[in-house]
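The file model32.txt comes next; it holds compact mmCIF, N, CA and C atoms.
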```
# COMPACT_ATOMS: atom_id res chain seq x y z
N MET A 5 96.27 43.14 207.54
CA MET A 5 95.05 43.73 207.04
C MET A 5 95.18 45.26 206.97
N ARG A 6 96.09 45.82 207.75
CA ARG A 6 96.28 47.27 207.67
C ARG A 6 96.82 47.67 206.31
N GLU A 7 97.70 46.84 205.75
CA GLU A 7 98.31 47.15 204.45
C GLU A 7 97.37 46.90 203.29
N ASP A 8 96.40 46.02 203.47
CA ASP A 8 95.46 45.67 202.42
C ASP A 8 94.05 45.61 203.02
N PRO A 9 93.46 46.77 203.32
CA PRO A 9 92.17 46.80 204.03
C PRO A 9 91.03 46.21 203.22
N SER A 10 90.05 45.75 203.92
CA SER A 10 88.83 45.20 203.32
C SER A 10 87.63 45.97 203.82
N ASP A 11 87.60 47.24 203.50
CA ASP A 11 86.53 48.10 203.97
C ASP A 11 85.17 47.70 203.43
N ASP A 12 85.16 46.86 202.41
CA ASP A 12 83.89 46.41 201.82
C ASP A 12 83.26 45.26 202.60
N LEU A 13 83.89 44.79 203.65
CA LEU A 13 83.35 43.67 204.42
C LEU A 13 82.43 44.16 205.53
N THR A 14 81.51 45.03 205.15
CA THR A 14 80.46 45.52 206.03
C THR A 14 79.15 45.47 205.25
N LEU A 15 78.06 45.28 205.97
CA LEU A 15 76.76 45.24 205.32
C LEU A 15 76.46 46.60 204.69
N PRO A 16 75.83 46.65 203.57
CA PRO A 16 75.14 45.56 202.88
C PRO A 16 75.99 44.76 201.89
N GLY A 17 77.24 45.14 201.68
CA GLY A 17 78.05 44.47 200.67
C GLY A 17 78.89 43.31 201.17
N GLY A 18 78.93 43.09 202.46
CA GLY A 18 79.72 42.00 202.99
C GLY A 18 79.72 42.01 204.50
N LEU A 19 80.50 41.12 205.08
CA LEU A 19 80.62 41.09 206.54
C LEU A 19 81.91 40.40 206.94
N LEU A 20 82.34 40.69 208.14
CA LEU A 20 83.54 40.08 208.70
C LEU A 20 83.17 39.49 210.04
N LEU A 21 83.35 38.18 210.17
CA LEU A 21 83.08 37.49 211.42
C LEU A 21 84.38 37.34 212.21
N VAL A 22 84.28 37.45 213.51
CA VAL A 22 85.44 37.32 214.38
C VAL A 22 85.14 36.24 215.41
N ALA A 23 86.04 35.26 215.52
CA ALA A 23 85.90 34.20 216.52
C ALA A 23 86.64 34.61 217.77
N GLN A 24 85.96 34.49 218.90
CA GLN A 24 86.56 34.85 220.18
C GLN A 24 86.36 33.72 221.18
N GLU A 25 87.27 33.66 222.14
CA GLU A 25 87.14 32.72 223.25
C GLU A 25 87.68 33.40 224.49
N LYS A 26 86.83 33.53 225.49
CA LYS A 26 87.22 34.18 226.74
C LYS A 26 87.86 35.55 226.51
N GLY A 27 87.29 36.31 225.58
CA GLY A 27 87.76 37.66 225.31
C GLY A 27 88.95 37.77 224.38
N SER A 28 89.52 36.65 223.98
CA SER A 28 90.66 36.67 223.05
C SER A 28 90.19 36.35 221.64
N VAL A 29 90.72 37.08 220.67
CA VAL A 29 90.38 36.83 219.27
C VAL A 29 91.15 35.61 218.78
N LEU A 30 90.43 34.64 218.20
CA LEU A 30 91.05 33.43 217.66
C LEU A 30 91.19 33.47 216.16
N GLY A 31 90.31 34.19 215.49
CA GLY A 31 90.38 34.22 214.03
C GLY A 31 89.28 35.07 213.43
N CYS A 32 89.23 35.03 212.10
CA CYS A 32 88.23 35.81 211.39
C CYS A 32 87.94 35.16 210.04
N ALA A 33 86.84 35.57 209.44
CA ALA A 33 86.47 35.14 208.09
C ALA A 33 85.54 36.20 207.50
N GLY A 34 85.76 36.52 206.24
CA GLY A 34 84.97 37.54 205.59
C GLY A 34 84.12 36.98 204.46
N LEU A 35 83.03 37.66 204.20
CA LEU A 35 82.14 37.30 203.10
C LEU A 35 81.89 38.57 202.30
N ARG A 36 82.25 38.54 201.04
CA ARG A 36 82.04 39.67 200.13
C ARG A 36 80.87 39.31 199.22
N LEU A 37 79.75 40.01 199.34
CA LEU A 37 78.57 39.73 198.53
C LEU A 37 78.73 40.38 197.16
N LEU A 38 78.46 39.60 196.12
CA LEU A 38 78.64 40.05 194.74
C LEU A 38 77.31 40.01 194.00
N PRO A 39 77.22 40.66 192.86
CA PRO A 39 75.99 40.60 192.06
C PRO A 39 75.70 39.17 191.59
N GLY A 40 74.44 38.90 191.33
CA GLY A 40 74.06 37.62 190.75
C GLY A 40 74.07 36.46 191.73
N HIS A 41 73.76 36.71 192.98
CA HIS A 41 73.69 35.66 194.01
C HIS A 41 75.02 34.93 194.20
N ALA A 42 76.12 35.65 194.04
CA ALA A 42 77.45 35.09 194.24
C ALA A 42 78.12 35.80 195.43
N ALA A 43 79.13 35.14 195.99
CA ALA A 43 79.88 35.74 197.09
C ALA A 43 81.27 35.13 197.12
N GLU A 44 82.18 35.85 197.75
CA GLU A 44 83.55 35.38 197.94
C GLU A 44 83.83 35.24 199.43
N VAL A 45 84.47 34.14 199.78
CA VAL A 45 84.98 33.94 201.13
C VAL A 45 86.41 34.50 201.11
N THR A 46 86.71 35.36 202.06
CA THR A 46 88.01 36.00 202.10
C THR A 46 88.44 36.23 203.54
N ARG A 47 89.70 36.55 203.74
CA ARG A 47 90.22 36.91 205.06
C ARG A 47 90.01 35.82 206.11
N VAL A 48 90.11 34.56 205.70
CA VAL A 48 89.99 33.45 206.65
C VAL A 48 91.34 33.28 207.34
N PHE A 49 91.32 33.40 208.66
CA PHE A 49 92.55 33.27 209.42
C PHE A 49 92.22 32.80 210.82
N VAL A 50 93.01 31.85 211.31
CA VAL A 50 92.92 31.40 212.70
C VAL A 50 94.34 31.48 213.27
N ILE A 51 94.48 32.06 214.46
CA ILE A 51 95.81 32.20 215.05
C ILE A 51 96.44 30.82 215.22
N PRO A 52 97.74 30.72 215.04
CA PRO A 52 98.41 29.42 215.13
C PRO A 52 98.11 28.65 216.42
N ALA A 53 98.01 29.32 217.54
CA ALA A 53 97.75 28.64 218.81
C ALA A 53 96.38 27.96 218.86
N ALA A 54 95.44 28.42 218.04
CA ALA A 54 94.08 27.87 218.04
C ALA A 54 93.88 26.81 216.95
N ARG A 55 94.83 26.65 216.07
CA ARG A 55 94.68 25.68 214.99
C ARG A 55 94.79 24.25 215.51
N ARG A 56 93.98 23.39 214.96
CA ARG A 56 93.98 21.96 215.28
C ARG A 56 93.61 21.65 216.74
N ARG A 57 93.04 22.59 217.44
CA ARG A 57 92.64 22.31 218.82
C ARG A 57 91.15 22.56 219.05
N GLY A 58 90.45 22.73 217.99
CA GLY A 58 89.02 22.98 218.13
C GLY A 58 88.41 23.37 216.81
N PRO A 59 87.14 23.65 216.84
CA PRO A 59 86.40 23.90 215.60
C PRO A 59 86.41 25.36 215.15
N SER A 60 87.41 26.15 215.49
CA SER A 60 87.40 27.58 215.18
C SER A 60 87.16 27.86 213.71
N ALA A 61 88.01 27.32 212.83
CA ALA A 61 87.85 27.59 211.39
C ALA A 61 86.56 26.99 210.86
N SER A 62 86.25 25.77 211.29
CA SER A 62 85.02 25.13 210.83
C SER A 62 83.79 25.92 211.25
N ARG A 63 83.78 26.38 212.48
CA ARG A 63 82.63 27.15 212.96
C ARG A 63 82.53 28.48 212.23
N LEU A 64 83.65 29.12 211.98
CA LEU A 64 83.64 30.37 211.22
C LEU A 64 83.04 30.16 209.84
N LEU A 65 83.50 29.12 209.15
CA LEU A 65 83.01 28.87 207.79
C LEU A 65 81.55 28.43 207.80
N ASP A 66 81.14 27.63 208.79
CA ASP A 66 79.72 27.26 208.91
C ASP A 66 78.85 28.50 209.09
N CYS A 67 79.29 29.39 209.94
CA CYS A 67 78.56 30.63 210.19
C CYS A 67 78.53 31.51 208.93
N LEU A 68 79.64 31.57 208.25
CA LEU A 68 79.72 32.34 207.01
C LEU A 68 78.77 31.78 205.95
N GLU A 69 78.73 30.46 205.84
CA GLU A 69 77.80 29.82 204.90
C GLU A 69 76.35 30.11 205.26
N GLY A 70 76.05 30.14 206.55
CA GLY A 70 74.70 30.49 207.00
C GLY A 70 74.33 31.90 206.58
N HIS A 71 75.24 32.84 206.74
CA HIS A 71 74.99 34.22 206.29
C HIS A 71 74.82 34.27 204.78
N ALA A 72 75.62 33.49 204.06
CA ALA A 72 75.49 33.45 202.59
C ALA A 72 74.10 32.96 202.20
N ARG A 73 73.62 31.92 202.88
CA ARG A 73 72.27 31.41 202.58
C ARG A 73 71.21 32.48 202.86
N GLN A 74 71.38 33.20 203.97
CA GLN A 74 70.41 34.26 204.31
C GLN A 74 70.36 35.34 203.23
N HIS A 75 71.47 35.54 202.54
CA HIS A 75 71.54 36.54 201.47
C HIS A 75 71.28 35.91 200.09
N ARG A 76 70.77 34.69 200.09
CA ARG A 76 70.39 33.97 198.86
C ARG A 76 71.56 33.75 197.91
N VAL A 77 72.74 33.55 198.47
CA VAL A 77 73.93 33.25 197.66
C VAL A 77 73.82 31.82 197.16
N THR A 78 74.04 31.65 195.84
CA THR A 78 74.02 30.31 195.25
C THR A 78 75.39 29.87 194.77
N THR A 79 76.31 30.82 194.61
CA THR A 79 77.68 30.51 194.20
C THR A 79 78.63 31.15 195.20
N LEU A 80 79.45 30.30 195.82
CA LEU A 80 80.39 30.77 196.83
C LEU A 80 81.78 30.35 196.40
N ARG A 81 82.70 31.32 196.33
CA ARG A 81 84.06 31.00 195.90
C ARG A 81 85.07 31.56 196.89
N LEU A 82 86.25 31.01 196.86
CA LEU A 82 87.32 31.41 197.75
C LEU A 82 88.18 32.45 197.06
N ASP A 83 88.39 33.58 197.72
CA ASP A 83 89.25 34.65 197.21
C ASP A 83 90.56 34.59 197.98
N THR A 84 91.66 34.44 197.26
CA THR A 84 92.97 34.37 197.93
C THR A 84 93.98 35.25 197.21
N ARG A 85 94.95 35.66 197.98
CA ARG A 85 96.08 36.39 197.39
C ARG A 85 97.01 35.38 196.73
N ARG A 86 97.81 35.83 195.79
CA ARG A 86 98.74 34.94 195.07
C ARG A 86 99.78 34.31 196.00
N ASP A 87 100.15 35.01 197.07
CA ASP A 87 101.19 34.49 197.95
C ASP A 87 100.68 33.45 198.95
N LEU A 88 99.39 33.21 199.01
CA LEU A 88 98.83 32.23 199.95
C LEU A 88 98.72 30.87 199.28
N ILE A 89 99.84 30.19 199.18
CA ILE A 89 99.94 28.93 198.45
C ILE A 89 98.97 27.88 198.96
N GLU A 90 98.90 27.69 200.28
CA GLU A 90 98.02 26.66 200.85
C GLU A 90 96.56 26.94 200.53
N ALA A 91 96.17 28.18 200.66
CA ALA A 91 94.77 28.55 200.38
C ALA A 91 94.45 28.36 198.90
N ARG A 92 95.39 28.64 198.04
CA ARG A 92 95.14 28.50 196.60
C ARG A 92 94.97 27.03 196.22
N ARG A 93 95.57 26.13 196.99
CA ARG A 93 95.40 24.69 196.72
C ARG A 93 93.97 24.24 196.97
N LEU A 94 93.25 24.96 197.85
CA LEU A 94 91.85 24.61 198.11
C LEU A 94 91.02 24.77 196.85
```
Mind turning the file's structure into structure tokens?
Amino acid sequence: MREDPSDDLTLPGGLLLVAQEKGSVLGCAGLRLLPGHAAEVTRVFVIPAARRRGPSASRLLDCLEGHARQHRVTTLRLDTRRDLIEARRL
């Protein structure tokens, strides 16, 4: 993220959620609010040690969707880089 910052993931134009457990960061997910009641989900990441052992990614996305609803988002799309093959398959 240092090489490709997402400074726009702060209110009022967006937000970045961080999942933590016992003080350790497990992952993150960003929401970029766009004109016309649209938004992009971006920067979704869960550390490898936390994958498949709990609801980290699911809870992040559920929370992100809740924030999108609060901002009256009606169209939500996934924003991915070209090199993220798995994410692009979604």
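The closest residue to Ala72 of chain A, picked from A:Arg85, A:Ala53, A:Ser60, A:Ala42 and counting all atoms listed in the file, is A:Ala42.
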Legend entry - Atom pair atom CA of Arg76 of chain A / atom CA of Gly31 of chain A: separation (Å):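 Taking atom CA of Arg76 of chain A and atom CA of Gly31 of chain A, their separation equals 25.1 Å.
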Write out as an mmCIF file with N, CA and C atoms, keeping the file's coordinate frame each polymer residue whose atoms come within 12 Å of Ala61 of chain A, counting only C-alpha atoms; drop sequence neighbours fewer than 4 positions from it.
```
data_model
loop_
_atom_site.group_PDB
_atom_site.id
_atom_site.type_symbol
_atom_site.label_atom_id
_atom_site.label_comp_id
_atom_site.auth_asym_id
_atom_site.auth_seq_id
_atom_site.Cartn_x
_atom_site.Cartn_y
_atom_site.Cartn_z
ATOM 1 N N LEU A 21 83.350 38.180 210.170
ATOM 2 C CA LEU A 21 83.080 37.490 211.420
ATOM 3 C C LEU A 21 84.380 37.340 212.210
ATOM 4 N N VAL A 22 84.280 37.450 213.510
ATOM 5 C CA VAL A 22 85.440 37.320 214.380
ATOM 6 C C VAL A 22 85.140 36.240 215.410
ATOM 7 N N ALA A 23 86.040 35.260 215.520
ATOM 8 C CA ALA A 23 85.900 34.200 216.520
ATOM 9 C C ALA A 23 86.640 34.610 217.770
ATOM 10 N N GLN A 24 85.960 34.490 218.900
ATOM 11 C CA GLN A 24 86.560 34.850 220.180
ATOM 12 C C GLN A 24 86.360 33.720 221.180
ATOM 13 N N LEU A 30 90.430 34.640 218.200
ATOM 14 C CA LEU A 30 91.050 33.430 217.660
ATOM 15 C C LEU A 30 91.190 33.470 216.160
ATOM 16 N N GLY A 31 90.310 34.190 215.490
ATOM 17 C CA GLY A 31 90.380 34.220 214.030
ATOM 18 C C GLY A 31 89.280 35.070 213.430
ATOM 19 N N CYS A 32 89.230 35.030 212.100
ATOM 20 C CA CYS A 32 88.230 35.810 211.390
ATOM 21 C C CYS A 32 87.940 35.160 210.040
ATOM 22 N N ALA A 33 86.840 35.570 209.440
ATOM 23 C CA ALA A 33 86.470 35.140 208.090
ATOM 24 C C ALA A 33 85.540 36.200 207.500
ATOM 25 N N GLY A 34 85.760 36.520 206.240
ATOM 26 C CA GLY A 34 84.970 37.540 205.590
ATOM 27 C C GLY A 34 84.120 36.980 204.460
ATOM 28 N N ARG A 47 89.700 36.550 203.740
ATOM 29 C CA ARG A 47 90.220 36.910 205.060
ATOM 30 C C ARG A 47 90.010 35.820 206.110
ATOM 31 N N VAL A 48 90.110 34.560 205.700
ATOM 32 C CA VAL A 48 89.990 33.450 206.650
ATOM 33 C C VAL A 48 91.340 33.280 207.340
ATOM 34 N N PHE A 49 91.320 33.400 208.660
ATOM 35 C CA PHE A 49 92.550 33.270 209.420
ATOM 36 C C PHE A 49 92.220 32.800 210.820
ATOM 37 N N VAL A 50 93.010 31.850 211.310
ATOM 38 C CA VAL A 50 92.920 31.400 212.700
ATOM 39 C C VAL A 50 94.340 31.480 213.270
ATOM 40 N N ILE A 51 94.480 32.060 214.460
ATOM 41 C CA ILE A 51 95.810 32.200 215.050
ATOM 42 C C ILE A 51 96.440 30.820 215.220
ATOM 43 N N PRO A 52 97.740 30.720 215.040
ATOM 44 C CA PRO A 52 98.410 29.420 215.130
ATOM 45 C C PRO A 52 98.110 28.650 216.420
ATOM 46 N N ALA A 54 95.440 28.420 218.040
ATOM 47 C CA ALA A 54 94.080 27.870 218.040
ATOM 48 C C ALA A 54 93.880 26.810 216.950
ATOM 49 N N ARG A 55 94.830 26.650 216.070
ATOM 50 C CA ARG A 55 94.680 25.680 214.990
ATOM 51 C C ARG A 55 94.790 24.250 215.510
ATOM 52 N N ARG A 56 93.980 23.390 214.960
ATOM 53 C CA ARG A 56 93.980 21.960 215.280
ATOM 54 C C ARG A 56 93.610 21.650 216.740
ATOM 55 N N ARG A 57 93.040 22.590 217.440
ATOM 56 C CA ARG A 57 92.640 22.310 218.820
ATOM 57 C C ARG A 57 91.150 22.560 219.050
ATOM 58 N N LEU A 65 83.500 29.120 209.150
ATOM 59 C CA LEU A 65 83.010 28.870 207.790
ATOM 60 C C LEU A 65 81.550 28.430 207.800
ATOM 61 N N ASP A 66 81.140 27.630 208.790
ATOM 62 C CA ASP A 66 79.720 27.260 208.910
ATOM 63 C C ASP A 66 78.850 28.500 209.090
ATOM 64 N N CYS A 67 79.290 29.390 209.940
ATOM 65 C CA CYS A 67 78.560 30.630 210.190
ATOM 66 C C CYS A 67 78.530 31.510 208.930
ATOM 67 N N LEU A 68 79.640 31.570 208.250
ATOM 68 C CA LEU A 68 79.720 32.340 207.010
ATOM 69 C C LEU A 68 78.770 31.780 205.950
#
```
Inset, instruction - Quick one: everything within 8 Å of Thr46 of chain A, counting only C-alpha atoms, minus sequence neighbours fewer than 5 positions away in the same chain. Send it as a list in words. - result: Ala33, Gly34, Leu35, Arg36, Leu82, Asp83 and Thr84 of chain A
Export, as a PDB file, in the coordinates of the input, the selected residues with N, CA and C atoms.
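Final file, again-v7.pdb:
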```
ATOM      1  N   ALA A  33      86.840  35.570 209.440  1.00  0.00           N
ATOM      2  CA  ALA A  33      86.470  35.140 208.090  1.00  0.00           C
ATOM      3  C   ALA A  33      85.540  36.200 207.500  1.00  0.00           C
ATOM      4  N   GLY A  34      85.760  36.520 206.240  1.00  0.00           N
ATOM      5  CA  GLY A  34      84.970  37.540 205.590  1.00  0.00           C
ATOM      6  C   GLY A  34      84.120  36.980 204.460  1.00  0.00           C
ATOM      7  N   LEU A  35      83.030  37.660 204.200  1.00  0.00           N
ATOM      8  CA  LEU A  35      82.140  37.300 203.100  1.00  0.00           C
ATOM      9  C   LEU A  35      81.890  38.570 202.300  1.00  0.00           C
ATOM     10  N   ARG A  36      82.250  38.540 201.040  1.00  0.00           N
ATOM     11  CA  ARG A  36      82.040  39.670 200.130  1.00  0.00           C
ATOM     12  C   ARG A  36      80.870  39.310 199.220  1.00  0.00           C
ATOM     13  N   LEU A  82      86.250  31.010 196.860  1.00  0.00           N
ATOM     14  CA  LEU A  82      87.320  31.410 197.750  1.00  0.00           C
ATOM     15  C   LEU A  82      88.180  32.450 197.060  1.00  0.00           C
ATOM     16  N   ASP A  83      88.390  33.580 197.720  1.00  0.00           N
ATOM     17  CA  ASP A  83      89.250  34.650 197.210  1.00  0.00           C
ATOM     18  C   ASP A  83      90.560  34.590 197.980  1.00  0.00           C
ATOM     19  N   THR A  84      91.660  34.440 197.260  1.00  0.00           N
ATOM     20  CA  THR A  84      92.970  34.370 197.930  1.00  0.00           C
ATOM     21  C   THR A  84      93.980  35.250 197.210  1.00  0.00           C
TER      22      THR A  84
END
```
Within 9 Å of Leu80 of chain A, counting only C-alpha atoms, which residues show up once you throw out same-chain ones fewer than 3 positions away? Write them as a tab-separated table (two decimals) with N, CA and C atoms, in the frame of the given file, please.
```tsv
chain	number	residue	atom	x	y	z
A	41	HIS	N	73.76	36.71	192.98
A	41	HIS	CA	73.69	35.66	194.01
A	41	HIS	C	75.02	34.93	194.20
A	42	ALA	N	76.12	35.65	194.04
A	42	ALA	CA	77.45	35.09	194.24
A	42	ALA	C	78.12	35.80	195.43
A	43	ALA	N	79.13	35.14	195.99
A	43	ALA	CA	79.88	35.74	197.09
A	43	ALA	C	81.27	35.13	197.12
A	44	GLU	N	82.18	35.85	197.75
A	44	GLU	CA	83.55	35.38	197.94
A	44	GLU	C	83.83	35.24	199.43
A	45	VAL	N	84.47	34.14	199.78
A	45	VAL	CA	84.98	33.94	201.13
A	45	VAL	C	86.41	34.50	201.11
A	69	GLU	N	78.73	30.46	205.84
A	69	GLU	CA	77.80	29.82	204.90
A	69	GLU	C	76.35	30.11	205.26
A	72	ALA	N	75.62	33.49	204.06
A	72	ALA	CA	75.49	33.45	202.59
A	72	ALA	C	74.10	32.96	202.20
A	77	VAL	N	72.74	33.55	198.47
A	77	VAL	CA	73.93	33.25	197.66
A	77	VAL	C	73.82	31.82	197.16
```
Legend entry - Distance in Å - atom CA of Leu88 of chain A versus atom CA of Thr14 of chain A: 23.5 Å
Legend entry - alpha helix (DSSP H) residues, from DSSP on the backbone, in segment 25-89 of chain A, as a VMD selection string: chain A and resid 60 to 74 89
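Reported to one decimal place, the separation of atom C of His75 of chain A from atom N of Val29 of chain A is 28.3 Å.
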Inset, instruction - Quick one: pick out all strand (DSSP E) residues within chain A from a backbone DSSP run and write them as a count of residues only. - result: 32
Any chance you could model N, CA, C and O atoms for segment 22-41 of chain A and send them as a PDB file, keeping the file's coordinate frame?
```
ATOM      1  N   VAL A  22      84.280  37.450 213.510  1.00  0.00           N
ATOM      2  CA  VAL A  22      85.440  37.320 214.380  1.00  0.00           C
ATOM      3  C   VAL A  22      85.140  36.240 215.410  1.00  0.00           C
ATOM      4  O   VAL A  22      84.118  36.292 216.096  1.00  0.00           O
ATOM      5  N   ALA A  23      86.040  35.260 215.520  1.00  0.00           N
ATOM      6  CA  ALA A  23      85.900  34.200 216.520  1.00  0.00           C
ATOM      7  C   ALA A  23      86.640  34.610 217.770  1.00  0.00           C
ATOM      8  O   ALA A  23      87.803  35.022 217.711  1.00  0.00           O
ATOM      9  N   GLN A  24      85.960  34.490 218.900  1.00  0.00           N
ATOM     10  CA  GLN A  24      86.560  34.850 220.180  1.00  0.00           C
ATOM     11  C   GLN A  24      86.360  33.720 221.180  1.00  0.00           C
ATOM     12  O   GLN A  24      85.391  32.955 221.091  1.00  0.00           O
ATOM     13  N   GLU A  25      87.270  33.660 222.140  1.00  0.00           N
ATOM     14  CA  GLU A  25      87.140  32.720 223.250  1.00  0.00           C
ATOM     15  C   GLU A  25      87.680  33.400 224.490  1.00  0.00           C
ATOM     16  O   GLU A  25      88.846  33.836 224.499  1.00  0.00           O
ATOM     17  N   LYS A  26      86.830  33.530 225.490  1.00  0.00           N
ATOM     18  CA  LYS A  26      87.220  34.180 226.740  1.00  0.00           C
ATOM     19  C   LYS A  26      87.860  35.550 226.510  1.00  0.00           C
ATOM     20  O   LYS A  26      88.877  35.901 227.102  1.00  0.00           O
ATOM     21  N   GLY A  27      87.290  36.310 225.580  1.00  0.00           N
ATOM     22  CA  GLY A  27      87.760  37.660 225.310  1.00  0.00           C
ATOM     23  C   GLY A  27      88.950  37.770 224.380  1.00  0.00           C
ATOM     24  O   GLY A  27      89.371  38.865 224.033  1.00  0.00           O
ATOM     25  N   SER A  28      89.520  36.650 223.980  1.00  0.00           N
ATOM     26  CA  SER A  28      90.660  36.670 223.050  1.00  0.00           C
ATOM     27  C   SER A  28      90.190  36.350 221.640  1.00  0.00           C
ATOM     28  O   SER A  28      89.371  35.456 221.441  1.00  0.00           O
ATOM     29  N   VAL A  29      90.720  37.080 220.670  1.00  0.00           N
ATOM     30  CA  VAL A  29      90.380  36.830 219.270  1.00  0.00           C
ATOM     31  C   VAL A  29      91.150  35.610 218.780  1.00  0.00           C
ATOM     32  O   VAL A  29      92.371  35.539 218.930  1.00  0.00           O
ATOM     33  N   LEU A  30      90.430  34.640 218.200  1.00  0.00           N
ATOM     34  CA  LEU A  30      91.050  33.430 217.660  1.00  0.00           C
ATOM     35  C   LEU A  30      91.190  33.470 216.160  1.00  0.00           C
ATOM     36  O   LEU A  30      92.071  32.821 215.598  1.00  0.00           O
ATOM     37  N   GLY A  31      90.310  34.190 215.490  1.00  0.00           N
ATOM     38  CA  GLY A  31      90.380  34.220 214.030  1.00  0.00           C
ATOM     39  C   GLY A  31      89.280  35.070 213.430  1.00  0.00           C
ATOM     40  O   GLY A  31      88.507  35.711 214.142  1.00  0.00           O
ATOM     41  N   CYS A  32      89.230  35.030 212.100  1.00  0.00           N
ATOM     42  CA  CYS A  32      88.230  35.810 211.390  1.00  0.00           C
ATOM     43  C   CYS A  32      87.940  35.160 210.040  1.00  0.00           C
ATOM     44  O   CYS A  32      88.699  34.314 209.567  1.00  0.00           O
ATOM     45  N   ALA A  33      86.840  35.570 209.440  1.00  0.00           N
ATOM     46  CA  ALA A  33      86.470  35.140 208.090  1.00  0.00           C
ATOM     47  C   ALA A  33      85.540  36.200 207.500  1.00  0.00           C
ATOM     48  O   ALA A  33      84.658  36.693 208.193  1.00  0.00           O
ATOM     49  N   GLY A  34      85.760  36.520 206.240  1.00  0.00           N
ATOM     50  CA  GLY A  34      84.970  37.540 205.590  1.00  0.00           C
ATOM     51  C   GLY A  34      84.120  36.980 204.460  1.00  0.00           C
ATOM     52  O   GLY A  34      84.462  35.969 203.850  1.00  0.00           O
ATOM     53  N   LEU A  35      83.030  37.660 204.200  1.00  0.00           N
ATOM     54  CA  LEU A  35      82.140  37.300 203.100  1.00  0.00           C
ATOM     55  C   LEU A  35      81.890  38.570 202.300  1.00  0.00           C
ATOM     56  O   LEU A  35      81.393  39.567 202.825  1.00  0.00           O
ATOM     57  N   ARG A  36      82.250  38.540 201.040  1.00  0.00           N
ATOM     58  CA  ARG A  36      82.040  39.670 200.130  1.00  0.00           C
ATOM     59  C   ARG A  36      80.870  39.310 199.220  1.00  0.00           C
ATOM     60  O   ARG A  36      80.965  38.360 198.421  1.00  0.00           O
ATOM     61  N   LEU A  37      79.750  40.010 199.340  1.00  0.00           N
ATOM     62  CA  LEU A  37      78.570  39.730 198.530  1.00  0.00           C
ATOM     63  C   LEU A  37      78.730  40.380 197.160  1.00  0.00           C
ATOM     64  O   LEU A  37      79.090  41.549 197.060  1.00  0.00           O
ATOM     65  N   LEU A  38      78.460  39.600 196.120  1.00  0.00           N
ATOM     66  CA  LEU A  38      78.640  40.050 194.740  1.00  0.00           C
ATOM     67  C   LEU A  38      77.310  40.010 194.000  1.00  0.00           C
ATOM     68  O   LEU A  38      76.361  39.349 194.445  1.00  0.00           O
ATOM     69  N   PRO A  39      77.220  40.660 192.860  1.00  0.00           N
ATOM     70  CA  PRO A  39      75.990  40.600 192.060  1.00  0.00           C
ATOM     71  C   PRO A  39      75.700  39.170 191.590  1.00  0.00           C
ATOM     72  O   PRO A  39      76.605  38.349 191.466  1.00  0.00           O
ATOM     73  N   GLY A  40      74.440  38.900 191.330  1.00  0.00           N
ATOM     74  CA  GLY A  40      74.060  37.620 190.750  1.00  0.00           C
ATOM     75  C   GLY A  40      74.070  36.460 191.730  1.00  0.00           C
ATOM     76  O   GLY A  40      74.380  35.329 191.369  1.00  0.00           O
ATOM     77  N   HIS A  41      73.760  36.710 192.980  1.00  0.00           N
ATOM     78  CA  HIS A  41      73.690  35.660 194.010  1.00  0.00           C
ATOM     79  C   HIS A  41      75.020  34.930 194.200  1.00  0.00           C
ATOM     80  O   HIS A  41      75.050  33.736 194.474  1.00  0.00           O
TER      81      HIS A  41
END
```
